[in-house]
$ cat protein_36.txt   # compact mmCIF, C-alpha atoms and all ligand atoms
# COMPACT_ATOMS: atom_id res chain seq x y z
CA MET G 48 0.00 0.00 0.00
CA ARG G 49 1.02 3.60 -0.59
CA VAL G 50 -0.24 5.80 2.24
CA VAL G 51 -0.98 9.51 2.50
CA ALA G 52 -1.40 10.51 6.16
CA GLY G 53 -2.80 13.84 7.37
CA ALA G 54 -2.23 15.57 10.70
CA ARG G 55 -1.62 19.12 11.91
CA THR G 56 1.95 18.19 12.85
CA VAL G 57 4.27 16.14 10.67
CA THR G 58 6.12 14.31 13.42
CA ARG G 59 9.54 12.65 13.19
CA GLU G 60 7.75 9.28 12.77
CA LEU G 61 5.64 10.62 9.89
CA ARG G 62 8.69 12.26 8.26
CA ALA G 63 10.47 8.91 8.46
CA LEU G 64 7.76 7.13 6.41
CA ASP G 65 9.23 5.06 3.60
CA GLY G 66 9.40 6.47 0.06
CA LEU G 67 5.97 5.05 -0.79
CA SER G 68 4.18 7.09 1.86
CA THR G 69 3.64 10.81 2.42
CA ALA G 70 2.56 12.99 5.33
CA VAL G 71 0.44 16.07 4.69
CA THR G 72 0.01 18.97 7.10
CA ALA G 73 -3.73 19.62 7.37
CA ASP G 74 -6.17 20.68 10.08
CA LEU G 75 -8.94 18.17 9.42
CA ALA G 76 -11.39 20.04 11.64
CA THR G 77 -11.58 22.69 8.88
CA PRO G 78 -13.10 22.55 5.37
CA ALA G 79 -9.77 23.69 3.83
CA GLY G 80 -7.81 20.94 5.62
CA ALA G 81 -10.15 18.22 4.35
CA ALA G 82 -9.85 19.51 0.77
CA VAL G 83 -6.03 19.77 0.89
CA LEU G 84 -5.61 16.23 2.23
CA ILE G 85 -7.63 14.60 -0.54
CA GLU G 86 -6.10 16.87 -3.22
CA ARG G 87 -2.62 15.77 -2.12
CA ALA G 88 -3.73 12.14 -1.85
CA ARG G 89 -5.05 12.21 -5.44
CA GLU G 90 -1.77 13.80 -6.64
CA GLN G 91 0.31 11.13 -4.87
CA LEU G 92 -1.85 8.06 -5.38
CA GLY G 93 -3.98 8.70 -8.44
CA GLU G 94 -7.03 6.86 -7.11
CA ILE G 95 -7.94 6.07 -3.47
CA ASP G 96 -8.77 2.47 -2.47
CA ILE G 97 -9.00 2.84 1.33
CA LEU G 98 -9.99 5.83 3.49
CA VAL G 99 -9.38 5.61 7.25
CA ASN G 100 -10.93 8.55 9.10
CA ASN G 101 -9.00 8.31 12.37
CA VAL G 102 -8.98 11.90 13.56
CA GLY G 103 -11.02 12.53 16.69
CA GLY G 104 -10.93 13.00 20.40
CA VAL G 105 -12.21 14.98 23.35
CA VAL G 106 -11.73 18.76 22.97
CA ALA G 107 -10.58 21.27 25.59
CA GLY G 108 -13.69 22.70 27.20
CA SER G 109 -15.48 19.38 27.48
CA ALA G 110 -12.63 17.20 28.82
CA ASP G 111 -12.62 19.10 32.12
CA ALA G 112 -16.38 19.77 32.27
CA ALA G 113 -18.27 18.42 35.29
CA GLY G 114 -21.16 17.30 33.11
CA PHE G 115 -23.69 18.29 30.43
CA LEU G 116 -24.46 21.72 31.92
CA ASP G 117 -20.77 22.64 31.80
CA ILE G 118 -20.33 22.05 28.08
CA ALA G 119 -20.93 25.24 26.11
CA ASP G 120 -22.01 25.53 22.47
CA ASP G 121 -18.45 26.33 21.44
CA ALA G 122 -17.14 23.02 22.83
CA TRP G 123 -20.01 21.08 21.20
CA GLN G 124 -19.20 22.79 17.90
CA ARG G 125 -15.46 21.96 18.09
CA THR G 126 -16.26 18.36 19.09
CA PHE G 127 -18.48 17.91 16.04
CA GLU G 128 -15.96 19.61 13.70
CA LEU G 129 -13.25 17.20 14.89
CA ASN G 130 -15.21 13.94 15.28
CA LEU G 131 -17.92 14.22 12.62
CA PHE G 132 -17.69 17.10 10.13
CA GLY G 133 -14.02 16.37 9.32
CA THR G 134 -15.04 12.84 8.31
CA VAL G 135 -18.06 14.13 6.38
CA ARG G 136 -15.88 16.51 4.34
CA VAL G 137 -12.92 14.19 3.75
CA THR G 138 -15.33 11.44 2.70
CA ARG G 139 -17.20 13.78 0.31
CA HIS G 140 -13.91 14.72 -1.39
CA ALA G 141 -12.64 11.13 -1.57
CA LEU G 142 -15.91 9.42 -2.55
CA PRO G 143 -15.74 9.76 -6.36
CA SER G 144 -12.35 8.05 -6.37
CA LEU G 145 -13.40 5.43 -3.79
CA LEU G 146 -16.44 4.57 -5.93
CA ARG G 147 -14.29 4.13 -9.05
CA GLN G 148 -12.09 1.75 -7.03
CA ARG G 149 -14.98 -0.10 -5.29
CA GLY G 150 -13.10 0.94 -2.15
CA VAL G 151 -13.63 0.90 1.60
CA ILE G 152 -14.08 3.52 4.34
CA ILE G 153 -13.12 2.72 7.93
CA ASN G 154 -14.24 5.32 10.45
CA ILE G 155 -12.65 5.22 13.89
CA SER G 156 -15.45 5.67 16.41
CA SER G 157 -15.49 4.84 20.13
CA ILE G 158 -17.26 2.79 22.78
CA GLY G 159 -18.68 6.23 23.65
CA ALA G 160 -21.00 5.84 20.64
CA ARG G 161 -22.71 2.91 22.35
CA ALA G 162 -22.87 3.95 26.00
CA ALA G 163 -23.30 7.11 28.08
CA TYR G 164 -19.74 8.03 29.04
CA HIS G 165 -18.43 11.46 29.93
CA PRO G 166 -18.15 13.83 28.10
CA VAL G 167 -21.54 13.69 26.41
CA ASP G 168 -20.60 15.78 23.34
CA TYR G 169 -17.88 13.28 22.36
CA GLY G 170 -20.13 10.21 22.64
CA THR G 171 -22.91 12.01 20.77
CA ALA G 172 -20.57 12.92 17.90
CA LYS G 173 -19.26 9.33 17.72
CA ALA G 174 -22.84 7.96 17.70
CA ALA G 175 -23.51 10.25 14.75
CA LEU G 176 -20.35 8.92 13.08
CA ASN G 177 -21.69 5.34 13.41
CA ASN G 178 -24.97 6.42 11.83
CA LEU G 179 -23.15 8.24 9.00
CA THR G 180 -21.09 5.11 8.31
CA LYS G 181 -24.16 2.88 8.17
CA ALA G 182 -25.85 5.36 5.82
CA LEU G 183 -22.80 5.41 3.50
CA ALA G 184 -22.73 1.60 3.48
CA GLU G 185 -26.41 1.52 2.49
CA GLU G 186 -26.37 4.31 -0.10
CA PHE G 187 -23.24 3.20 -1.93
CA GLY G 188 -23.09 -0.54 -1.19
CA ALA G 189 -24.63 -1.52 -4.53
CA GLN G 190 -21.78 0.37 -6.26
CA GLY G 191 -19.18 -1.76 -4.44
CA LEU G 192 -18.25 0.61 -1.61
CA ARG G 193 -17.89 -0.81 1.90
CA ALA G 194 -18.11 1.35 5.04
CA LEU G 195 -17.42 0.20 8.61
CA THR G 196 -16.70 1.61 12.04
CA VAL G 197 -14.08 0.38 14.48
CA SER G 198 -14.90 1.40 18.05
CA PRO G 199 -11.95 1.36 20.43
CA GLY G 200 -12.13 1.32 24.20
CA PRO G 201 -9.21 2.63 26.26
CA THR G 202 -6.16 2.29 23.99
CA ARG G 203 -2.58 3.07 24.98
CA THR G 204 -2.04 6.00 22.59
CA ARG G 205 -0.44 9.23 23.80
CA ASN G 206 -3.84 10.37 25.11
CA TRP G 207 -3.41 7.75 27.82
CA SER G 208 0.37 7.52 28.11
CA ALA G 209 1.64 11.13 27.78
CA SER G 210 2.08 13.40 30.78
CA ASP G 211 0.08 16.11 28.96
CA GLY G 212 -2.60 13.73 27.60
CA TYR G 213 -6.28 13.21 28.42
CA ALA G 214 -5.60 10.53 31.08
CA ALA G 215 -3.06 12.74 32.87
CA ASP G 216 -5.69 15.53 33.05
CA VAL G 217 -8.31 13.16 34.47
CA ALA G 218 -5.73 11.77 36.93
CA ALA G 219 -4.93 15.31 38.11
CA GLN G 220 -8.66 16.06 38.54
CA HIS G 221 -8.89 12.97 40.79
CA GLY G 222 -5.75 13.98 42.72
CA THR G 223 -3.76 10.93 41.63
CA THR G 224 -0.67 10.28 39.50
CA LEU G 225 -0.93 9.11 35.90
CA ALA G 226 0.68 5.73 36.77
CA GLU G 227 -1.77 5.11 39.65
CA PHE G 228 -4.69 6.20 37.48
CA LEU G 229 -3.67 3.85 34.64
CA ASP G 230 -3.43 0.94 37.11
CA GLN G 231 -7.04 1.61 38.13
CA VAL G 232 -8.46 2.01 34.60
CA PRO G 233 -9.19 -1.70 33.87
CA THR G 234 -11.19 -2.10 37.09
CA ARG G 235 -12.90 1.31 36.92
CA MET G 236 -13.91 0.88 33.29
CA GLY G 237 -14.69 -2.82 33.49
CA ILE G 238 -12.10 -3.95 30.93
CA THR G 239 -12.70 -7.71 30.89
CA THR G 240 -9.15 -8.54 29.76
CA GLY G 241 -7.70 -6.42 32.58
CA ARG G 242 -5.56 -4.21 30.34
CA LEU G 243 -5.69 -1.36 27.85
CA THR G 244 -5.69 -2.21 24.13
CA GLU G 245 -2.40 -1.60 22.30
CA PRO G 246 -2.68 0.69 19.23
CA GLY G 247 -1.18 -2.05 17.01
CA GLU G 248 -4.02 -4.41 17.95
CA THR G 249 -6.61 -1.92 16.71
CA ALA G 250 -4.51 -1.23 13.60
CA ALA G 251 -4.47 -4.98 12.86
CA LEU G 252 -8.30 -5.02 12.91
CA VAL G 253 -8.43 -1.99 10.59
CA THR G 254 -5.97 -3.70 8.23
CA PHE G 255 -8.13 -6.82 8.11
CA LEU G 256 -11.35 -4.88 7.55
CA ALA G 257 -9.71 -2.87 4.75
CA SER G 258 -8.46 -6.03 3.03
CA ALA G 259 -10.17 -8.18 0.41
CA ARG G 260 -10.42 -10.95 3.07
CA SER G 261 -13.31 -9.02 4.60
CA GLY G 262 -14.85 -8.25 1.21
CA ASN G 263 -18.45 -8.96 2.27
CA LEU G 264 -18.35 -7.04 5.57
CA THR G 265 -20.05 -3.66 5.51
CA GLY G 266 -22.30 -1.42 7.61
CA ALA G 267 -21.06 -2.98 10.85
CA ASP G 268 -19.37 -1.63 13.96
CA TYR G 269 -16.42 -3.60 15.39
CA LEU G 270 -15.59 -3.12 19.07
CA ALA G 271 -11.89 -3.11 19.96
CA ASP G 272 -12.35 -2.58 23.68
CA GLY G 273 -11.12 -5.59 25.69
CA GLY G 274 -14.74 -6.31 26.67
CA VAL G 275 -15.77 -2.94 28.15
CA ILE G 276 -19.17 -2.91 26.45
CA LYS G 277 -21.27 -5.54 28.24
CA THR G 278 -24.42 -5.51 26.13
CA VAL G 279 -24.93 -7.97 23.25
N1 LIG H 301 -7.03 6.27 22.50
C1 LIG H 301 -8.19 5.83 22.95
O1 LIG H 301 -8.29 5.31 24.07
C2 LIG H 301 -9.42 5.92 22.08
C3 LIG H 301 -10.61 5.35 22.56
C4 LIG H 301 -11.75 5.42 21.78
C5 LIG H 301 -11.70 6.04 20.56
N2 LIG H 301 -10.53 6.60 20.12
C6 LIG H 301 -10.54 7.25 18.81
O2 LIG H 301 -9.44 6.81 18.04
C7 LIG H 301 -8.99 7.86 17.20
C8 LIG H 301 -7.51 8.09 17.41
O3 LIG H 301 -7.32 8.40 18.77
P1 LIG H 301 -5.87 8.58 19.42
O4 LIG H 301 -6.01 8.27 20.85
O5 LIG H 301 -4.85 7.88 18.58
O6 LIG H 301 -5.72 10.14 19.26
P2 LIG H 301 -4.38 11.01 19.32
O7 LIG H 301 -3.31 10.28 20.03
O8 LIG H 301 -4.86 12.33 19.81
O9 LIG H 301 -3.97 11.09 17.81
C9 LIG H 301 -4.79 11.70 16.96
C10 LIG H 301 -4.04 11.96 15.65
O10 LIG H 301 -4.88 12.86 14.96
C11 LIG H 301 -4.15 14.06 14.69
N3 LIG H 301 -5.05 15.18 14.84
C12 LIG H 301 -5.64 15.66 15.96
N4 LIG H 301 -6.39 16.73 15.68
C13 LIG H 301 -6.26 16.93 14.34
C14 LIG H 301 -6.79 17.86 13.43
N5 LIG H 301 -7.60 18.85 13.83
N6 LIG H 301 -6.46 17.76 12.12
C15 LIG H 301 -5.63 16.79 11.69
N7 LIG H 301 -5.10 15.86 12.49
C16 LIG H 301 -5.41 15.94 13.81
C17 LIG H 301 -3.02 14.11 15.70
O11 LIG H 301 -1.91 14.83 15.19
P3 LIG H 301 -1.81 16.43 15.39
O12 LIG H 301 -2.13 16.71 16.81
O13 LIG H 301 -0.41 16.75 15.00
O14 LIG H 301 -2.80 17.02 14.45
C18 LIG H 301 -2.69 12.62 15.83
O15 LIG H 301 -1.85 12.21 14.77
C19 LIG H 301 -9.86 9.08 17.52
O16 LIG H 301 -10.91 9.17 16.60
C20 LIG H 301 -10.40 8.76 18.90
O17 LIG H 301 -11.63 9.41 19.16
C21 LIG H 301 -9.39 6.55 20.85

$ encode --input "protein_36.txt" --output "structure tokens" --more "lines below"
Ligand SMILES: NC(=O)c1ccc[n+]([C@@H]2O[C@H](COP(=O)([O-])OP(=O)(O)OC[C@H]3O[C@@H](n4cnc5c(N)ncnc54)[C@H](OP(=O)(O)O)[C@@H]3O)[C@@H](O)[C@H]2O)c1
Amino acid sequence: MRVVAGARTVTRELRALDGLSTAVTADLATPAGAAVLIERAREQLGEIDILVNNVGGVVAGSADAAGFLDIADDAWQRTFELNLFGTVRVTRHALPSLLRQRGVIINISSIGARAAYHPVDYGTAKAALNNLTKALAEEFGAQGLRALTVSPGPTRTRNWSASDGYAADVAAQHGTTLAEFLDQVPTRMGITTGRLTEPGETAALVTFLASARSGNLTGADYLADGGVIKTV
């Protein structure tokens, strides 16, 4: 595969991608960023076979809110720009090429789409992302496009591991250290396997779902959560 990756910062890891892959600087929470990413992808790749909409997260202003009444319109708006509208716009730009290729879209959602976790704006945006994905699968399925969501639970990305990440903020709010907080996460969140998911495990699922081996899977949501979600 040749890969074009978009983020606001082209990190050392992204710069070190092999010659077949490219990193593009783009703010995907903006209309211009979505357009630039797909323009560059078309220049580099010609056509697009696989689109992974991975960007998302909890925004400042809702991460530290006590609850629903603390989350202002501005935070709701930024949450939806990041977790939903970015995917809407990138998908709209990429769709003509994906349809020509009978391609696949994998949207990275969250267990927050399926259950009422804090903060409410994040889970609501991810629930909308699941609905969008199902609608894309239905509308374009007959033309050969597949669309799926992967819904991670707590996953050891920098949001959980970094001293300035989301978990460190929550730990500070609870008056505990990041290490102590991480030790408590499996019990507090009911992770059946007793540990966080590693990013590579979720990436392996995405790779499988994007491959021809899963050629008849579409419109479905795949949990990658170590058993957090208890409902069938
Ligand atoms: N980690 C978890 O426990 C967990 C759980 C459930 C769901 N998820 C979902 O999984 C996805 C990835 O999460 P993650 O934990 O890997 O997040 P992350 O560590 O914050 O990484 C997100 C990536 O997106 C980029 N990014 C952030 N804002 C951007 C923007 N406005 N425009 C372009 N790129 C942007 C970041 O780079 P820059 O900052 O340089 O832009 C980074 O490369 C998200 O959709 C998240 O909601 C994660």

$ closest_residue --input "protein_36.txt" --among "G:Leu142, G:Ile158, G:Leu179, G:Val151" --to "ligand LIG 301 (chain H)" --atoms "all atoms listed in the file"
G:Ile158

$ closest_residue --input "protein_36.txt" --among "G:Asn100, G:Thr196, G:Ser109, G:Ser144" --to "Thr265 of chain G" --atoms "only C-alpha atoms"
G:Thr196

$ residues_near_ligand --input "protein_36.txt" --ligand "ligand LIG 301 (chain H)" --cutoff "9 Å" --atoms "all atoms listed in the file" --output "PDB file with C-alpha atoms, in the coordinates of the input"
ATOM      1  CA  ALA G  52      -1.400  10.510   6.160  1.00  0.00           C
ATOM      2  CA  GLY G  53      -2.800  13.840   7.370  1.00  0.00           C
ATOM      3  CA  ALA G  54      -2.230  15.570  10.700  1.00  0.00           C
ATOM      4  CA  ARG G  55      -1.620  19.120  11.910  1.00  0.00           C
ATOM      5  CA  THR G  56       1.950  18.190  12.850  1.00  0.00           C
ATOM      6  CA  VAL G  57       4.270  16.140  10.670  1.00  0.00           C
ATOM      7  CA  THR G  58       6.120  14.310  13.420  1.00  0.00           C
ATOM      8  CA  THR G  72       0.010  18.970   7.100  1.00  0.00           C
ATOM      9  CA  ALA G  73      -3.730  19.620   7.370  1.00  0.00           C
ATOM     10  CA  ASP G  74      -6.170  20.680  10.080  1.00  0.00           C
ATOM     11  CA  LEU G  75      -8.940  18.170   9.420  1.00  0.00           C
ATOM     12  CA  ALA G  76     -11.390  20.040  11.640  1.00  0.00           C
ATOM     13  CA  THR G  77     -11.580  22.690   8.880  1.00  0.00           C
ATOM     14  CA  GLY G  80      -7.810  20.940   5.620  1.00  0.00           C
ATOM     15  CA  ALA G  81     -10.150  18.220   4.350  1.00  0.00           C
ATOM     16  CA  ASN G 100     -10.930   8.550   9.100  1.00  0.00           C
ATOM     17  CA  ASN G 101      -9.000   8.310  12.370  1.00  0.00           C
ATOM     18  CA  VAL G 102      -8.980  11.900  13.560  1.00  0.00           C
ATOM     19  CA  GLY G 103     -11.020  12.530  16.690  1.00  0.00           C
ATOM     20  CA  GLY G 104     -10.930  13.000  20.400  1.00  0.00           C
ATOM     21  CA  VAL G 105     -12.210  14.980  23.350  1.00  0.00           C
ATOM     22  CA  GLU G 128     -15.960  19.610  13.700  1.00  0.00           C
ATOM     23  CA  LEU G 129     -13.250  17.200  14.890  1.00  0.00           C
ATOM     24  CA  ASN G 130     -15.210  13.940  15.280  1.00  0.00           C
ATOM     25  CA  GLY G 133     -14.020  16.370   9.320  1.00  0.00           C
ATOM     26  CA  ASN G 154     -14.240   5.320  10.450  1.00  0.00           C
ATOM     27  CA  ILE G 155     -12.650   5.220  13.890  1.00  0.00           C
ATOM     28  CA  SER G 156     -15.450   5.670  16.410  1.00  0.00           C
ATOM     29  CA  SER G 157     -15.490   4.840  20.130  1.00  0.00           C
ATOM     30  CA  ILE G 158     -17.260   2.790  22.780  1.00  0.00           C
ATOM     31  CA  GLY G 159     -18.680   6.230  23.650  1.00  0.00           C
ATOM     32  CA  TYR G 169     -17.880  13.280  22.360  1.00  0.00           C
ATOM     33  CA  LYS G 173     -19.260   9.330  17.720  1.00  0.00           C
ATOM     34  CA  VAL G 197     -14.080   0.380  14.480  1.00  0.00           C
ATOM     35  CA  SER G 198     -14.900   1.400  18.050  1.00  0.00           C
ATOM     36  CA  PRO G 199     -11.950   1.360  20.430  1.00  0.00           C
ATOM     37  CA  GLY G 200     -12.130   1.320  24.200  1.00  0.00           C
ATOM     38  CA  PRO G 201      -9.210   2.630  26.260  1.00  0.00           C
ATOM     39  CA  THR G 202      -6.160   2.290  23.990  1.00  0.00           C
ATOM     40  CA  ARG G 203      -2.580   3.070  24.980  1.00  0.00           C
ATOM     41  CA  THR G 204      -2.040   6.000  22.590  1.00  0.00           C
ATOM     42  CA  ARG G 205      -0.440   9.230  23.800  1.00  0.00           C
ATOM     43  CA  ASN G 206      -3.840  10.370  25.110  1.00  0.00           C
ATOM     44  CA  TRP G 207      -3.410   7.750  27.820  1.00  0.00           C
ATOM     45  CA  GLY G 212      -2.600  13.730  27.600  1.00  0.00           C
ATOM     46  CA  TYR G 213      -6.280  13.210  28.420  1.00  0.00           C
ATOM     47  CA  LEU G 243      -5.690  -1.360  27.850  1.00  0.00           C
ATOM     48  CA  THR G 244      -5.690  -2.210  24.130  1.00  0.00           C
ATOM     49  CA  PRO G 246      -2.680   0.690  19.230  1.00  0.00           C
ATOM     50  CA  ALA G 271     -11.890  -3.110  19.960  1.00  0.00           C
ATOM     51  CA  ASP G 272     -12.350  -2.580  23.680  1.00  0.00           C
TER      52      ASP G 272
END

$ closest_residue --input "protein_36.txt" --among "G:Gln148, G:Leu67, G:Gly274, G:Arg59" --to "Thr234 of chain G" --atoms "only C-alpha atoms"
G:Gly274

$ closest_residue --input "protein_36.txt" --among "G:Leu116, G:Ala163, G:Ile152, G:Leu61" --to "Val253 of chain G" --atoms "all atoms listed in the file"
G:Ile152

$ residues_near_point --input "protein_36.txt" --point "(-21.2, 14.2, 28.7)" --cutoff "10 Å" --atoms "only C-alpha atoms" --output "JSON list (two decimals) with C-alpha atoms, in the frame of the given file"
[["chain", "number", "residue", "atom", "x", "y", "z"],
["G", 109, "SER", "CA", -15.48, 19.38, 27.48],
["G", 110, "ALA", "CA", -12.63, 17.20, 28.82],
["G", 112, "ALA", "CA", -16.38, 19.77, 32.27],
["G", 113, "ALA", "CA", -18.27, 18.42, 35.29],
["G", 114, "GLY", "CA", -21.16, 17.30, 33.11],
["G", 115, "PHE", "CA", -23.69, 18.29, 30.43],
["G", 116, "LEU", "CA", -24.46, 21.72, 31.92],
["G", 117, "ASP", "CA", -20.77, 22.64, 31.80],
["G", 118, "ILE", "CA", -20.33, 22.05, 28.08],
["G", 159, "GLY", "CA", -18.68, 6.23, 23.65],
["G", 163, "ALA", "CA", -23.30, 7.11, 28.08],
["G", 164, "TYR", "CA", -19.74, 8.03, 29.04],
["G", 165, "HIS", "CA", -18.43, 11.46, 29.93],
["G", 166, "PRO", "CA", -18.15, 13.83, 28.10],
["G", 167, "VAL", "CA", -21.54, 13.69, 26.41],
["G", 168, "ASP", "CA", -20.60, 15.78, 23.34],
["G", 169, "TYR", "CA", -17.88, 13.28, 22.36],
["G", 170, "GLY", "CA", -20.13, 10.21, 22.64],
["G", 171, "THR", "CA", -22.91, 12.01, 20.77]]

$ atom_distance --input "protein_36.txt" --atom1 "atom CA of Asp121 of chain G" --atom2 "atom CA of Asn177 of chain G"
22.7 Å

$ atom_distance --input "protein_36.txt" --atom1 "atom CA of Glu185 of chain G" --atom2 "atom CA of Gly247 of chain G"
29.3 Å

$ closest_residue --input "protein_36.txt" --among "G:Gly66, G:Gly188, G:Gly262, G:Gly241" --to "Val51 of chain G" --atoms "all atoms listed in the file"
G:Gly66

$ atom_distance --input "protein_36.txt" --atom1 "atom CA of Phe187 of chain G" --atom2 "atom CA of Arg149 of chain G"
9.5 Å

$ residues_around --input "protein_36.txt" --residues "Leu131 of chain G" --least-positions-apart "3" --cutoff "7 Å" --atoms "only C-alpha atoms" --output "list in words"
Phe127, Glu128, Thr134, Val135, Ala172 and Leu176 of chain G
